[in-house]
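See below for the structure under consideration.
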Amino acid sequence: MADQPTPLERFIQGILPENPVYRQLLGLCPVLAVSNGLKPAITMSVAVAFVLLGANVLISLIRNLLKPHLRIVIFTLTIATFVTLADRFLAAYVYQMSKTLGPYIPLIIVNCIIICRCEVCASKQSVFAAASDAIGQSLGFALALSSIAVVREILGTGMLFGLRVLPTAWPDWVIMILPPGAFLTLGLLLGVINWIDSYKSKKSRSS
Amino acid sequence: MKPVEPPKLETSGLLQRLKNTNIGQAWLVLVLALCFGASLAAVQLTLGPVIEQNKLNETLQKVPELILGTAGAQKAAEQNQNLVVEPQIIVVEKGNRKIFYSVYKATLNGATTGWVVKTAGQGYADKIELLIGFNPTIETITGLFVLDQKETPGLGNKIITQKWRKQFAKKGIIQPLVVVKKGAKASNEIDSVTGATISSESITSIINKAASDLRGPLSANILKVK
């Protein structure tokens, strides 16, 4: 398949050019829900990375056996299995964190990033390409999630990772750690990214 | 108009016919489902006990706070008075059904200071697991903790906040608890979480049921010890 991107392209595209959150606007439910602190955000990113890598590799391995009308069933089955694994591991080894994340770990099953990557990449390309795609997209997701979490945690509590970074005189903007803060931050960061993009393209056009 | 006939499939060989059966189409789904099911069962067998132990540890940690209150538990810890917690299973017979309750009996210097009951019931979204602290005779609630819930984030899941749970402490439970919209006055009234009446009612009904089921057996247990 000559028109498919190479593994390296897949990897790089996932991080910024095709960032799952800022560019494709996928998987926004966990982005909005668990980005009120850096710690849950990182745990969430790791869980998503595990599921994405597992599902992409497995789907890529069996891609020649897939029947077009049954592929979605198989994607969902695979994703659900890996999510349940991640959920059980978190509950067994980081119990408090798994309680904080609550229903959002099981909800990775319906996270459209993963089903999108299975459909776009893993069901068409080799294992190597699928794996590098999964890693690239996971890094992109982690980047987006933690950038929002950093802004919200610092402005909302004056702390980062539980350590104080702003002076105690900072009036905590409680709204930032509440749901509206998630929408505000996501919107503003999206705006910034789009602004940088249009600035760049304007510059390249004028030169 | 005649219904359109489905196009005749090539049924030349046995292999071709096999491919067109339901099994031939769906074998991959079935095989994967079996493999995934087996691996999940294996994971559950290995990790299940660890998760149960985590929950048990959390329960045991919560017992002093649920019986003595936050301030009381801190004071007791400072004075090195450790509650002795004794897990037991209480069987309540209801008609021809048996209900099993995990009960933790807390004693301080030999005297029973209270009970913590682990129980569960249907919430708005899924099962809610609760720890309820009672005084020795199951007449008042001494504390409430939510072990597990999957209620609506932002609405129903406010049942886990200390702010909402603390109103349960010192509520009488001889009369069943009742949920009111706002401004609970009587000693058996509970303010509901705004926008989550069902979650609030689930919690009170779980508590009411546990209290009425266990009052007899547990008070009898105290008398027997005395």
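Residues are referred to by chain and number: the chain letter is A, B, ... according to the order shown in the structure tokens, the number counts from 1 in that chain, and ligands are numbered separately from 1 in the order shown.
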Within 12 Å of chain A: residues of chain B, using only C-alpha atoms, as a short mmCIF file (atom, residue, chain, number, x, y, z; two decimals) with all heavy atoms, in the first residue's frame:
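Result went into part_13.cif, see below:
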```cif
data_model
loop_
_atom_site.label_atom_id
_atom_site.label_comp_id
_atom_site.auth_asym_id
_atom_site.auth_seq_id
_atom_site.Cartn_x
_atom_site.Cartn_y
_atom_site.Cartn_z
N LYS B 19 -17.98 -21.24 4.31
CA LYS B 19 -17.65 -19.83 4.49
C LYS B 19 -18.89 -18.97 4.61
O LYS B 19 -18.87 -17.90 5.21
CB LYS B 19 -16.79 -19.34 3.33
CG LYS B 19 -15.31 -19.40 3.61
CD LYS B 19 -14.55 -18.70 2.51
CE LYS B 19 -13.06 -18.77 2.76
NZ LYS B 19 -12.30 -18.39 1.57
N ASN B 22 -23.19 -18.91 9.20
CA ASN B 22 -22.98 -17.93 10.26
C ASN B 22 -21.67 -18.16 10.97
O ASN B 22 -20.93 -17.23 11.27
CB ASN B 22 -24.13 -18.01 11.28
CG ASN B 22 -25.39 -17.42 10.70
OD1 ASN B 22 -25.32 -16.67 9.73
ND2 ASN B 22 -26.51 -17.77 11.27
N GLY B 24 -19.01 -19.62 9.80
CA GLY B 24 -17.93 -19.26 8.90
C GLY B 24 -17.67 -17.77 8.90
O GLY B 24 -16.54 -17.31 8.77
N GLN B 25 -18.72 -16.98 9.05
CA GLN B 25 -18.57 -15.53 9.08
C GLN B 25 -18.03 -15.05 10.42
O GLN B 25 -17.21 -14.14 10.49
CB GLN B 25 -19.93 -14.86 8.82
CG GLN B 25 -20.45 -15.05 7.41
CD GLN B 25 -19.68 -14.24 6.42
OE1 GLN B 25 -19.46 -13.05 6.61
NE2 GLN B 25 -19.25 -14.87 5.33
N ALA B 26 -18.51 -15.66 11.48
CA ALA B 26 -18.26 -15.07 12.80
C ALA B 26 -17.23 -15.82 13.61
O ALA B 26 -17.05 -15.52 14.78
CB ALA B 26 -19.58 -14.99 13.57
N TRP B 27 -16.52 -16.77 12.99
CA TRP B 27 -15.64 -17.60 13.83
C TRP B 27 -14.59 -16.76 14.55
O TRP B 27 -14.26 -17.03 15.70
CB TRP B 27 -14.96 -18.69 12.99
CG TRP B 27 -13.96 -18.16 12.00
CD1 TRP B 27 -14.21 -17.76 10.74
CD2 TRP B 27 -12.57 -17.93 12.23
NE1 TRP B 27 -13.07 -17.29 10.14
CE2 TRP B 27 -12.04 -17.39 11.04
CE3 TRP B 27 -11.71 -18.14 13.30
CZ2 TRP B 27 -10.70 -17.05 10.90
CZ3 TRP B 27 -10.37 -17.80 13.17
CH2 TRP B 27 -9.87 -17.27 11.98
N LEU B 28 -14.10 -15.70 13.91
CA LEU B 28 -13.04 -14.90 14.54
C LEU B 28 -13.57 -14.22 15.80
O LEU B 28 -12.91 -14.18 16.84
CB LEU B 28 -12.51 -13.86 13.55
CG LEU B 28 -11.33 -13.06 14.04
CD1 LEU B 28 -10.13 -13.96 14.31
CD2 LEU B 28 -10.94 -11.98 13.05
N VAL B 29 -14.81 -13.70 15.70
CA VAL B 29 -15.41 -13.05 16.86
C VAL B 29 -15.52 -14.04 18.00
O VAL B 29 -15.17 -13.75 19.15
CB VAL B 29 -16.80 -12.49 16.49
CG1 VAL B 29 -17.43 -11.83 17.71
CG2 VAL B 29 -16.71 -11.52 15.34
N LEU B 30 -15.99 -15.27 17.67
CA LEU B 30 -16.18 -16.28 18.72
C LEU B 30 -14.85 -16.67 19.35
O LEU B 30 -14.72 -16.73 20.58
CB LEU B 30 -16.86 -17.51 18.12
CG LEU B 30 -18.29 -17.25 17.63
CD1 LEU B 30 -18.84 -18.48 16.93
CD2 LEU B 30 -19.18 -16.87 18.79
N VAL B 31 -13.84 -16.91 18.49
CA VAL B 31 -12.53 -17.32 19.02
C VAL B 31 -11.95 -16.23 19.90
O VAL B 31 -11.47 -16.47 21.01
CB VAL B 31 -11.58 -17.66 17.86
CG1 VAL B 31 -10.16 -17.84 18.37
CG2 VAL B 31 -12.04 -18.93 17.15
N LEU B 32 -12.02 -14.97 19.40
CA LEU B 32 -11.46 -13.87 20.19
C LEU B 32 -12.19 -13.74 21.52
O LEU B 32 -11.56 -13.56 22.57
CB LEU B 32 -11.57 -12.56 19.41
CG LEU B 32 -10.52 -12.33 18.33
CD1 LEU B 32 -10.78 -11.00 17.66
CD2 LEU B 32 -9.13 -12.33 18.93
N ALA B 33 -13.54 -13.84 21.46
CA ALA B 33 -14.31 -13.69 22.69
C ALA B 33 -13.91 -14.75 23.70
O ALA B 33 -13.74 -14.46 24.89
CB ALA B 33 -15.80 -13.78 22.38
N LEU B 34 -13.69 -15.97 23.22
CA LEU B 34 -13.27 -17.05 24.13
C LEU B 34 -11.90 -16.76 24.74
O LEU B 34 -11.72 -16.86 25.95
CB LEU B 34 -13.22 -18.38 23.36
CG LEU B 34 -14.51 -19.18 23.36
CD1 LEU B 34 -14.33 -20.44 22.53
CD2 LEU B 34 -14.91 -19.54 24.78
N CYS B 35 -10.95 -16.38 23.86
CA CYS B 35 -9.59 -16.10 24.35
C CYS B 35 -9.62 -14.94 25.35
O CYS B 35 -9.03 -15.02 26.43
CB CYS B 35 -8.66 -15.73 23.21
SG CYS B 35 -8.40 -17.04 22.06
N PHE B 36 -10.31 -13.86 24.98
CA PHE B 36 -10.34 -12.69 25.86
C PHE B 36 -11.01 -13.04 27.18
O PHE B 36 -10.54 -12.66 28.25
CB PHE B 36 -11.10 -11.54 25.19
CG PHE B 36 -10.36 -10.91 24.05
CD1 PHE B 36 -11.04 -10.15 23.11
CD2 PHE B 36 -8.99 -11.06 23.93
CE1 PHE B 36 -10.36 -9.56 22.06
CE2 PHE B 36 -8.30 -10.48 22.89
CZ PHE B 36 -8.99 -9.72 21.94
N GLY B 37 -12.11 -13.78 27.08
CA GLY B 37 -12.81 -14.18 28.31
C GLY B 37 -11.90 -14.98 29.22
O GLY B 37 -11.83 -14.72 30.42
N ALA B 38 -11.18 -15.92 28.63
CA ALA B 38 -10.29 -16.76 29.45
C ALA B 38 -9.20 -15.92 30.09
O ALA B 38 -8.90 -16.07 31.28
CB ALA B 38 -9.68 -17.84 28.57
N SER B 39 -8.61 -14.98 29.30
CA SER B 39 -7.51 -14.21 29.88
C SER B 39 -8.04 -13.27 30.98
O SER B 39 -7.39 -13.07 32.00
CB SER B 39 -6.76 -13.42 28.81
OG SER B 39 -7.64 -12.60 28.12
N LEU B 40 -9.24 -12.73 30.78
CA LEU B 40 -9.80 -11.85 31.82
C LEU B 40 -10.10 -12.65 33.07
O LEU B 40 -9.88 -12.18 34.19
CB LEU B 40 -11.07 -11.17 31.32
CG LEU B 40 -10.86 -10.03 30.33
CD1 LEU B 40 -12.18 -9.41 29.96
CD2 LEU B 40 -9.93 -8.98 30.91
N ALA B 41 -10.58 -13.89 32.89
CA ALA B 41 -10.85 -14.73 34.06
C ALA B 41 -9.56 -14.99 34.82
O ALA B 41 -9.53 -14.92 36.06
CB ALA B 41 -11.48 -16.04 33.61
N ALA B 42 -8.48 -15.26 34.07
CA ALA B 42 -7.20 -15.50 34.73
C ALA B 42 -6.75 -14.27 35.51
O ALA B 42 -6.29 -14.38 36.66
CB ALA B 42 -6.15 -15.88 33.69
N VAL B 43 -6.89 -13.09 34.88
CA VAL B 43 -6.48 -11.86 35.57
C VAL B 43 -7.32 -11.65 36.82
O VAL B 43 -6.82 -11.31 37.89
CB VAL B 43 -6.62 -10.66 34.61
CG1 VAL B 43 -6.50 -9.35 35.36
CG2 VAL B 43 -5.57 -10.74 33.53
N GLN B 44 -8.61 -11.92 36.71
CA GLN B 44 -9.49 -11.72 37.86
C GLN B 44 -9.11 -12.68 38.98
O GLN B 44 -9.10 -12.30 40.15
CB GLN B 44 -10.95 -11.93 37.43
CG GLN B 44 -11.96 -11.75 38.55
CD GLN B 44 -11.92 -10.36 39.16
OE1 GLN B 44 -11.56 -9.39 38.50
NE2 GLN B 44 -12.25 -10.27 40.44
N LEU B 45 -8.73 -13.91 38.61
CA LEU B 45 -8.33 -14.87 39.64
C LEU B 45 -7.08 -14.42 40.38
O LEU B 45 -6.97 -14.60 41.59
CB LEU B 45 -8.08 -16.25 39.00
CG LEU B 45 -9.32 -17.08 38.73
CD1 LEU B 45 -8.92 -18.41 38.11
CD2 LEU B 45 -10.09 -17.32 40.02
N THR B 46 -6.12 -13.82 39.63
CA THR B 46 -4.89 -13.39 40.31
C THR B 46 -5.07 -12.07 41.04
O THR B 46 -4.57 -11.91 42.14
CB THR B 46 -3.73 -13.24 39.30
OG1 THR B 46 -4.27 -12.83 38.06
CG2 THR B 46 -2.97 -14.52 39.11
N LEU B 47 -5.77 -11.12 40.40
CA LEU B 47 -5.83 -9.78 40.99
C LEU B 47 -7.03 -9.59 41.93
O LEU B 47 -7.01 -8.74 42.79
CB LEU B 47 -5.88 -8.70 39.90
CG LEU B 47 -4.62 -8.58 39.06
CD1 LEU B 47 -4.77 -7.44 38.08
CD2 LEU B 47 -3.42 -8.33 39.96
N GLY B 48 -8.06 -10.42 41.76
CA GLY B 48 -9.26 -10.28 42.60
C GLY B 48 -8.94 -10.23 44.08
O GLY B 48 -9.38 -9.30 44.78
N PRO B 49 -8.16 -11.19 44.61
CA PRO B 49 -7.84 -11.15 46.05
C PRO B 49 -7.12 -9.88 46.46
O PRO B 49 -7.37 -9.33 47.53
CB PRO B 49 -6.94 -12.38 46.24
CG PRO B 49 -7.23 -13.27 45.10
CD PRO B 49 -7.62 -12.39 43.96
N VAL B 50 -6.20 -9.38 45.58
CA VAL B 50 -5.46 -8.15 45.91
C VAL B 50 -6.42 -6.98 46.04
O VAL B 50 -6.34 -6.17 46.97
CB VAL B 50 -4.41 -7.85 44.82
CG1 VAL B 50 -3.56 -6.66 45.21
CG2 VAL B 50 -3.53 -9.06 44.57
N ILE B 51 -7.39 -6.91 45.09
CA ILE B 51 -8.34 -5.80 45.12
C ILE B 51 -9.22 -5.90 46.35
O ILE B 51 -9.49 -4.90 47.03
CB ILE B 51 -9.17 -5.80 43.82
CG1 ILE B 51 -8.26 -5.59 42.62
CG2 ILE B 51 -10.23 -4.73 43.85
CD1 ILE B 51 -8.91 -5.82 41.28
N GLU B 52 -9.64 -7.14 46.68
CA GLU B 52 -10.46 -7.33 47.89
C GLU B 52 -9.69 -6.89 49.13
O GLU B 52 -10.24 -6.24 50.01
CB GLU B 52 -10.86 -8.81 48.02
CG GLU B 52 -12.01 -9.21 47.12
CD GLU B 52 -13.20 -8.28 47.25
OE1 GLU B 52 -13.64 -8.05 48.40
OE2 GLU B 52 -13.68 -7.76 46.22
N GLN B 53 -8.37 -7.23 49.15
CA GLN B 53 -7.55 -6.85 50.30
C GLN B 53 -7.45 -5.33 50.40
O GLN B 53 -7.55 -4.77 51.49
CB GLN B 53 -6.15 -7.48 50.14
CG GLN B 53 -5.24 -7.31 51.34
CD GLN B 53 -5.80 -7.98 52.58
OE1 GLN B 53 -6.32 -9.09 52.50
NE2 GLN B 53 -5.75 -7.32 53.73
N ASN B 54 -7.30 -4.65 49.24
CA ASN B 54 -7.27 -3.18 49.24
C ASN B 54 -8.53 -2.62 49.85
O ASN B 54 -8.50 -1.68 50.65
CB ASN B 54 -7.16 -2.66 47.80
CG ASN B 54 -5.77 -2.81 47.25
OD1 ASN B 54 -4.82 -2.97 48.01
ND2 ASN B 54 -5.64 -2.76 45.94
N LYS B 55 -9.69 -3.20 49.46
CA LYS B 55 -10.96 -2.70 49.96
C LYS B 55 -11.07 -2.95 51.46
O LYS B 55 -11.54 -2.10 52.20
CB LYS B 55 -12.12 -3.41 49.24
CG LYS B 55 -12.41 -2.83 47.88
CD LYS B 55 -13.73 -3.37 47.36
CE LYS B 55 -13.99 -2.84 45.96
NZ LYS B 55 -15.08 -3.55 45.30
N LEU B 56 -10.60 -4.15 51.90
CA LEU B 56 -10.69 -4.49 53.31
C LEU B 56 -9.83 -3.52 54.13
O LEU B 56 -10.25 -3.01 55.17
CB LEU B 56 -10.23 -5.93 53.52
CG LEU B 56 -10.31 -6.43 54.96
CD1 LEU B 56 -11.78 -6.52 55.38
CD2 LEU B 56 -9.66 -7.79 55.09
N ASN B 57 -8.59 -3.25 53.61
CA ASN B 57 -7.72 -2.32 54.33
C ASN B 57 -8.37 -0.96 54.46
O ASN B 57 -8.30 -0.32 55.51
CB ASN B 57 -6.39 -2.16 53.58
CG ASN B 57 -5.53 -3.39 53.73
OD1 ASN B 57 -5.82 -4.23 54.57
ND2 ASN B 57 -4.51 -3.50 52.92
N GLU B 58 -9.01 -0.51 53.36
CA GLU B 58 -9.66 0.80 53.40
C GLU B 58 -10.76 0.79 54.45
O GLU B 58 -10.91 1.73 55.22
CB GLU B 58 -10.23 1.11 52.02
CG GLU B 58 -10.78 2.51 51.94
CD GLU B 58 -11.36 2.83 50.58
OE1 GLU B 58 -11.92 1.91 49.95
OE2 GLU B 58 -11.25 3.99 50.16
N ALA B 125 -27.05 4.70 38.94
CA ALA B 125 -26.34 4.13 37.80
C ALA B 125 -25.95 2.68 38.03
O ALA B 125 -26.10 1.85 37.15
CB ALA B 125 -25.08 4.95 37.52
N ASP B 126 -25.46 2.39 39.19
CA ASP B 126 -24.92 1.05 39.46
C ASP B 126 -25.00 0.82 40.95
O ASP B 126 -25.53 1.65 41.69
CB ASP B 126 -23.46 1.00 38.96
CG ASP B 126 -23.00 -0.43 38.69
OD1 ASP B 126 -23.70 -1.35 39.14
OD2 ASP B 126 -21.96 -0.60 38.06
N VAL B 146 -18.66 6.20 51.51
CA VAL B 146 -19.04 5.53 50.27
C VAL B 146 -17.81 4.81 49.74
O VAL B 146 -16.82 5.43 49.38
CB VAL B 146 -19.57 6.54 49.23
CG1 VAL B 146 -19.98 5.81 47.97
CG2 VAL B 146 -20.72 7.32 49.80
N LEU B 147 -17.87 3.48 49.71
CA LEU B 147 -16.73 2.69 49.24
C LEU B 147 -16.65 2.66 47.73
O LEU B 147 -15.58 2.76 47.16
CB LEU B 147 -16.86 1.25 49.73
CG LEU B 147 -16.35 0.90 51.10
CD1 LEU B 147 -16.62 -0.57 51.37
CD2 LEU B 147 -14.87 1.18 51.24
N ASP B 148 -17.79 2.50 47.08
CA ASP B 148 -17.77 2.35 45.64
C ASP B 148 -19.06 2.89 45.06
O ASP B 148 -20.13 2.61 45.60
CB ASP B 148 -17.61 0.87 45.28
CG ASP B 148 -17.13 0.69 43.85
OD1 ASP B 148 -16.74 1.70 43.24
OD2 ASP B 148 -17.17 -0.43 43.34
N GLN B 149 -18.98 3.66 44.00
CA GLN B 149 -20.18 4.17 43.35
C GLN B 149 -19.83 4.55 41.92
O GLN B 149 -18.68 4.83 41.62
CB GLN B 149 -20.74 5.38 44.10
CG GLN B 149 -19.76 6.53 44.30
CD GLN B 149 -19.68 7.48 43.14
OE1 GLN B 149 -20.62 7.64 42.38
NE2 GLN B 149 -18.54 8.12 42.98
N LYS B 150 -20.82 4.55 41.05
CA LYS B 150 -20.59 5.00 39.67
C LYS B 150 -21.69 5.98 39.29
O LYS B 150 -22.18 5.96 38.17
CB LYS B 150 -20.57 3.80 38.71
CG LYS B 150 -19.37 2.89 38.97
CD LYS B 150 -19.23 1.83 37.89
CE LYS B 150 -17.94 1.03 38.03
NZ LYS B 150 -17.80 0.36 39.32
N GLU B 151 -22.11 6.82 40.24
CA GLU B 151 -23.20 7.77 39.96
C GLU B 151 -22.73 8.84 38.97
O GLU B 151 -21.54 8.99 38.72
CB GLU B 151 -23.65 8.43 41.27
CG GLU B 151 -24.17 7.47 42.32
CD GLU B 151 -25.33 6.62 41.85
OE1 GLU B 151 -26.45 7.13 41.81
OE2 GLU B 151 -25.13 5.45 41.51
N THR B 152 -23.69 9.61 38.44
CA THR B 152 -23.39 10.63 37.44
C THR B 152 -22.32 11.61 37.93
O THR B 152 -22.51 12.24 38.96
CB THR B 152 -24.65 11.46 37.14
OG1 THR B 152 -25.76 10.61 37.15
CG2 THR B 152 -24.52 12.16 35.81
N PRO B 153 -21.20 11.73 37.20
CA PRO B 153 -20.19 12.70 37.63
C PRO B 153 -20.77 14.11 37.65
O PRO B 153 -21.50 14.49 36.73
CB PRO B 153 -19.10 12.58 36.56
CG PRO B 153 -19.30 11.24 35.96
CD PRO B 153 -20.77 10.97 36.03
N GLY B 154 -20.48 14.84 38.70
CA GLY B 154 -20.95 16.22 38.78
C GLY B 154 -22.28 16.36 39.48
O GLY B 154 -22.62 17.43 39.97
N LEU B 155 -23.10 15.29 39.51
CA LEU B 155 -24.38 15.36 40.23
C LEU B 155 -24.41 14.29 41.32
O LEU B 155 -24.12 14.55 42.47
CB LEU B 155 -25.55 15.17 39.26
CG LEU B 155 -25.78 16.30 38.26
CD1 LEU B 155 -26.81 15.89 37.23
CD2 LEU B 155 -26.27 17.54 38.98
N ASN B 157 -22.49 11.86 41.97
CA ASN B 157 -21.28 11.45 42.67
C ASN B 157 -20.89 12.40 43.79
O ASN B 157 -19.91 12.19 44.48
CB ASN B 157 -20.12 11.20 41.69
CG ASN B 157 -19.47 12.47 41.19
OD1 ASN B 157 -20.02 13.55 41.33
ND2 ASN B 157 -18.31 12.32 40.59
N ILE B 160 -20.21 11.32 47.59
CA ILE B 160 -18.96 10.93 48.26
C ILE B 160 -18.35 12.09 49.02
O ILE B 160 -17.42 11.90 49.77
CB ILE B 160 -17.91 10.38 47.26
CG1 ILE B 160 -17.50 11.45 46.25
CG2 ILE B 160 -18.41 9.14 46.55
CD1 ILE B 160 -16.32 11.04 45.41
#
```
Exercise. Could you find all residues in range 61-114 of chain B that DSSP calls strand (DSSP E) from the backbone, and write them as a PyMOL selection string?
Key: chain B and resi 84-94+97-108+111-114
For the residues selected in the previous step, produce a file with C-alpha atoms as a short mmCIF file (atom, residue, chain, number, x, y, z; two decimals), in the first residue's frame.
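And here is the file that came out, again16.cif:
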```
data_model
loop_
_atom_site.label_atom_id
_atom_site.label_comp_id
_atom_site.auth_asym_id
_atom_site.auth_seq_id
_atom_site.Cartn_x
_atom_site.Cartn_y
_atom_site.Cartn_z
CA VAL B 84 -10.04 -3.28 68.33
CA VAL B 85 -11.85 -4.15 65.13
CA GLU B 86 -13.34 -7.58 64.78
CA PRO B 87 -14.89 -8.58 61.44
CA GLN B 88 -17.85 -10.92 61.54
CA ILE B 89 -20.63 -12.10 59.27
CA ILE B 90 -24.20 -11.63 60.45
CA VAL B 91 -26.89 -13.68 58.75
CA VAL B 92 -30.37 -12.19 58.74
CA GLU B 93 -33.24 -14.45 57.75
CA LYS B 94 -36.01 -12.71 55.91
CA ARG B 97 -34.17 -15.62 52.13
CA LYS B 98 -30.89 -15.24 53.96
CA ILE B 99 -29.01 -11.95 53.82
CA PHE B 100 -25.33 -11.86 54.74
CA TYR B 101 -23.90 -8.68 56.25
CA SER B 102 -20.20 -7.97 56.83
CA VAL B 103 -20.11 -6.27 60.19
CA TYR B 104 -17.10 -4.85 61.99
CA LYS B 105 -17.40 -4.67 65.75
CA ALA B 106 -15.27 -1.98 67.36
CA THR B 107 -14.34 -2.36 71.00
CA LEU B 108 -12.31 -0.08 73.22
CA ALA B 111 -16.56 -2.27 75.80
CA THR B 112 -18.36 -2.17 72.48
CA THR B 113 -18.16 1.36 71.07
CA GLY B 114 -20.04 0.77 67.86
#
```
Exercise. Please give the complete set of residues from range 82-148 of chain A that DSSP, run on the backbone, assigns to alpha helix (DSSP H), formatted as a ChimeraX atom specification.
Key: /A:82-93,95-101,112-117,127-148
Quiz item: From the set A:Pro106, A:Ser201, A:Ala129, A:Gly181, which residue has the shortest atom-to-atom contact distance to Glu153 in chain A, counting only C-alpha atoms?
Solution: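 Nearest candidate to Glu153 in chain A out of A:Pro106, A:Ser201, A:Ala129, A:Gly181: A:Gly181.
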Quiz item: Expressed in Å to a single decimal, how great is the separation between CA of Lys163 in chain B and CA of Asp87 in chain A?
Solution: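 Separation between CA of Lys163 in chain B and CA of Asp87 in chain A: 28.4 Å.
Considering the residues A:Pro5, A:Tyr199, A:Ser147, A:Leu188 and counting only C-alpha atoms, Leu160 in chain A has its shortest atom-to-atom contact with A:Ser147.
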Quiz item: Between A:Pro167, A:Pro17, A:Gly187, A:Gly136, which is the closest to Arg117 in chain A once you count only C-alpha atoms?
Solution: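 Among the listed residues, A:Gly136 lies closest to Arg117 in chain A.
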Quiz prompt | Test item: residues at most 10 Å from Ala211 in chain B, only C-alpha atoms, excluding those fewer than 4 positions along its chain, as a list in words | solution =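 Non-adjacent residues within range: Val117, Ile132, Phe134, Ile138, Glu139, Thr140, Ile141, Ile173, Ile174, Gln175, Pro176, Ser205, Ile206, Ile207, Arg215, Gly216 and Leu218 of chain B.
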Keeping only C-alpha atoms, write those residues as an mmCIF file, in the first residue's frame.
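Now in again.cif:
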```
data_model
loop_
_atom_site.group_PDB
_atom_site.id
_atom_site.type_symbol
_atom_site.label_atom_id
_atom_site.label_comp_id
_atom_site.auth_asym_id
_atom_site.auth_seq_id
_atom_site.Cartn_x
_atom_site.Cartn_y
_atom_site.Cartn_z
ATOM 1 C CA VAL B 117 -21.708 -2.287 58.570
ATOM 2 C CA ILE B 132 -22.211 2.820 57.881
ATOM 3 C CA PHE B 134 -23.780 2.796 64.170
ATOM 4 C CA ILE B 138 -28.193 0.758 66.359
ATOM 5 C CA GLU B 139 -30.172 3.816 67.472
ATOM 6 C CA THR B 140 -28.044 6.512 65.907
ATOM 7 C CA ILE B 141 -25.736 6.732 62.904
ATOM 8 C CA ILE B 173 -32.319 5.693 62.904
ATOM 9 C CA ILE B 174 -35.164 4.280 65.019
ATOM 10 C CA GLN B 175 -37.493 5.979 62.558
ATOM 11 C CA PRO B 176 -36.447 5.398 58.938
ATOM 12 C CA SER B 205 -32.926 3.321 51.741
ATOM 13 C CA ILE B 206 -29.745 1.216 51.928
ATOM 14 C CA ILE B 207 -29.127 2.603 55.426
ATOM 15 C CA ARG B 215 -30.889 -3.848 65.025
ATOM 16 C CA GLY B 216 -32.235 -7.091 66.513
ATOM 17 C CA LEU B 218 -26.590 -6.750 66.943
#
```
Exercise. Tell me which of A:Gly14, A:Gly27, A:Pro68, A:Pro180 sits closest to Ile115 in chain A, counting only C-alpha atoms.
Key: A:Gly27
Self-check item: Contacts of Thr43 in chain A at 10 Å (only C-alpha atoms; same-chain gap of 4+ positions) as a PyMOL selection string
Solution: chain A and resi 34+38-39+47-49+90+94+97-98+101+105+142
Quiz item: Which one of B:Leu144, B:Ile190, B:Ala220, B:Val179 sits closest to Thr70 in chain B if you count only C-alpha atoms?
Solution: B:Leu144
Quiz prompt | Pairwise distance for CA of Ala182 in chain A and CA of Val110 in chain A, rounded to one decimal in Å | solution =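 These two atoms are separated by 20.0 Å.
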Quiz item: Which polymer residues have any atom within 6 Å of an atom of Ile177 in chain A, counting only C-alpha atoms, with same-chain residues fewer than 2 positions away left out, as a list in words?
Solution: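 So, after excluding close chain neighbours, the residues are Asn36, Arg152, Gly156, Val174, Ile175 and Gly181 of chain A.
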For the residues in that selection, give me N, CA, C and O atoms as an mmCIF file, in the first residue's frame.
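So the final result, stored in out20.cif, reads:
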```
data_model
loop_
_atom_site.group_PDB
_atom_site.id
_atom_site.type_symbol
_atom_site.label_atom_id
_atom_site.label_comp_id
_atom_site.auth_asym_id
_atom_site.auth_seq_id
_atom_site.Cartn_x
_atom_site.Cartn_y
_atom_site.Cartn_z
ATOM 1 N N ASN A 36 -8.248 17.818 35.962
ATOM 2 C CA ASN A 36 -8.169 18.820 37.029
ATOM 3 C C ASN A 36 -6.923 18.669 37.890
ATOM 4 O O ASN A 36 -6.720 19.429 38.826
ATOM 5 N N ARG A 152 -4.977 23.963 34.586
ATOM 6 C CA ARG A 152 -6.083 23.929 35.554
ATOM 7 C C ARG A 152 -5.590 23.767 36.975
ATOM 8 O O ARG A 152 -6.086 24.430 37.895
ATOM 9 N N GLY A 156 -6.122 26.674 39.537
ATOM 10 C CA GLY A 156 -7.199 26.311 40.450
ATOM 11 C C GLY A 156 -6.763 26.094 41.883
ATOM 12 O O GLY A 156 -7.520 26.362 42.815
ATOM 13 N N VAL A 174 -11.200 28.582 41.962
ATOM 14 C CA VAL A 174 -11.817 27.263 42.140
ATOM 15 C C VAL A 174 -12.514 26.790 40.865
ATOM 16 O O VAL A 174 -12.561 25.606 40.556
ATOM 17 N N ILE A 175 -12.992 27.771 40.083
ATOM 18 C CA ILE A 175 -13.738 27.380 38.871
ATOM 19 C C ILE A 175 -12.870 26.555 37.925
ATOM 20 O O ILE A 175 -13.370 25.722 37.175
ATOM 21 N N GLY A 181 -14.083 24.982 34.196
ATOM 22 C CA GLY A 181 -12.666 25.259 33.967
ATOM 23 C C GLY A 181 -12.102 24.412 32.849
ATOM 24 O O GLY A 181 -11.243 24.852 32.085
#
```
